[in-house]
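Scroll down for the structure; my scribbles are underneath it.
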Amino acid sequence: MKENWTIIAGKLLGKAHYVRNVGLAPDNIITHVYPLEGNEAAIGFDFRTRPEQFKTVMFAKELQSVYVAGPVELVQGGTAIIARYPIFSDYPTKGNYWGSVSVVMNYEKILDDSGLSTFEGAEISLRKQRLDGSIGDVFYGKASIFDDSDMEFPINLPSGKLLLAANFQLRNIEHIQFTEAVVRSLGGFVALICYFSVALLYRNYKSAHKDSLHDELTRIPNRRFIITLLERLMAPADNKQPFALLYIDLNGFKLVNDNLGHEAGDELLKYVANRLVDTVRASDTVSRFGGDEFMVVLRGVTKQEQVRKIVKHIYQSVESDPLIWYDNKIQPSLSIGYSLYHGQDISIQQLFASADKYMYEQKKRFKDLTK
């Protein structure tokens, strides 16, 4: 996330009309803000020092989804509506909370574009009802409007509600009915602005976050994803789950690139990736580790006999049919090594080395047979 911060943040701001800035807070302390100019005061801010803001960050963590907070007073000055996005280091399982992204939306601009600040014919006030049912202070208009209002109605947001109250200043019943309809439309417009701003940002964030964990070519999990998964499966705990790790290498891949071009090589990688995904169980994880190497995590597999049976099935599935590339038939060929994990004291690197060693033994046999 940190490495891709400028790209992700720039993408969010470029597509969202009401966004003022975006902040990254690992362990709930802001370390990055985009753009930095004008927001320097936010760097180093610890949410735990502001209970009201920290509560909204924790709401997002508990929801495991976006939470819209505010309006709130910013440490760098001004008032804003903020969308909190929780980040989990073990996405998509969402067990290990890493921190959050805060998307700060321009509160004044949202109000101006909604027409609330220039509306004539009624006095309007707004306050928020939180997810826990508690009612916040009035943040727009007079608090007294809620004590003796002509009309109240809720505006649903992605998290919680806005409560709108209005007192009509007109006495003619037709004008009052017209004004009431306009007020409801304005309230709905405010909700739509907030909702679509948040929805767009959330979609872009999820897309960017997913892209950082998936291989761009094959669209399966990448090296970062598989290492994070292995770290979680091998983390110190009383309930470690056994698994088998397959290390798969394509035989003759360089020849395909040299003889038919890299486009053919890319198609072969996608073909093999799809075959692997179709062959293993839904509970297993197939990843592209790099180049022409793939890794597969087989959950719950504890015996060599089980692994050998699965490996045999993979050979049959992937190597049974050629890839047709224009007028060429490209025959996939694999070398597969494996290692078993059942809670022993071993590092991820040692697990890789064990599977890699066995894989190269298979590759040597393949080369000997094709001489």
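The way I read the labels, and the way they are meant: chains A, B, ... in the order of the structure tokens, residue 1 as the first residue of every chain, and ligand 1 as the first ligand shown, with later ones counted on from there.
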I'd like the neighbourhood of range 336-341 of chain A as JSON, numbers by chain, where a residue qualifies if any of its atoms comes within 8 Å (using only C-alpha atoms), though same-chain residues fewer than 4 positions away should be ignored.
{"A": [242, 243, 244, 245, 246, 247, 248, 249, 301, 302, 303, 304, 307, 311, 351, 352, 354, 355, 356, 357, 358, 359, 360, 362]}
Spatial neighbours of Glu267 in chain A, 9 Å, only C-alpha atoms, chain gap at least 5 places, as a count of residues only
5
Tell me which protein, DNA and RNA residues are within 9 Å of Ala80 in chain A, counting only C-alpha atoms, leaving out same-chain ones fewer than 4 positions away, and put them as an MDAnalysis selection string.
chainID A and resid 20 69:74 104:108
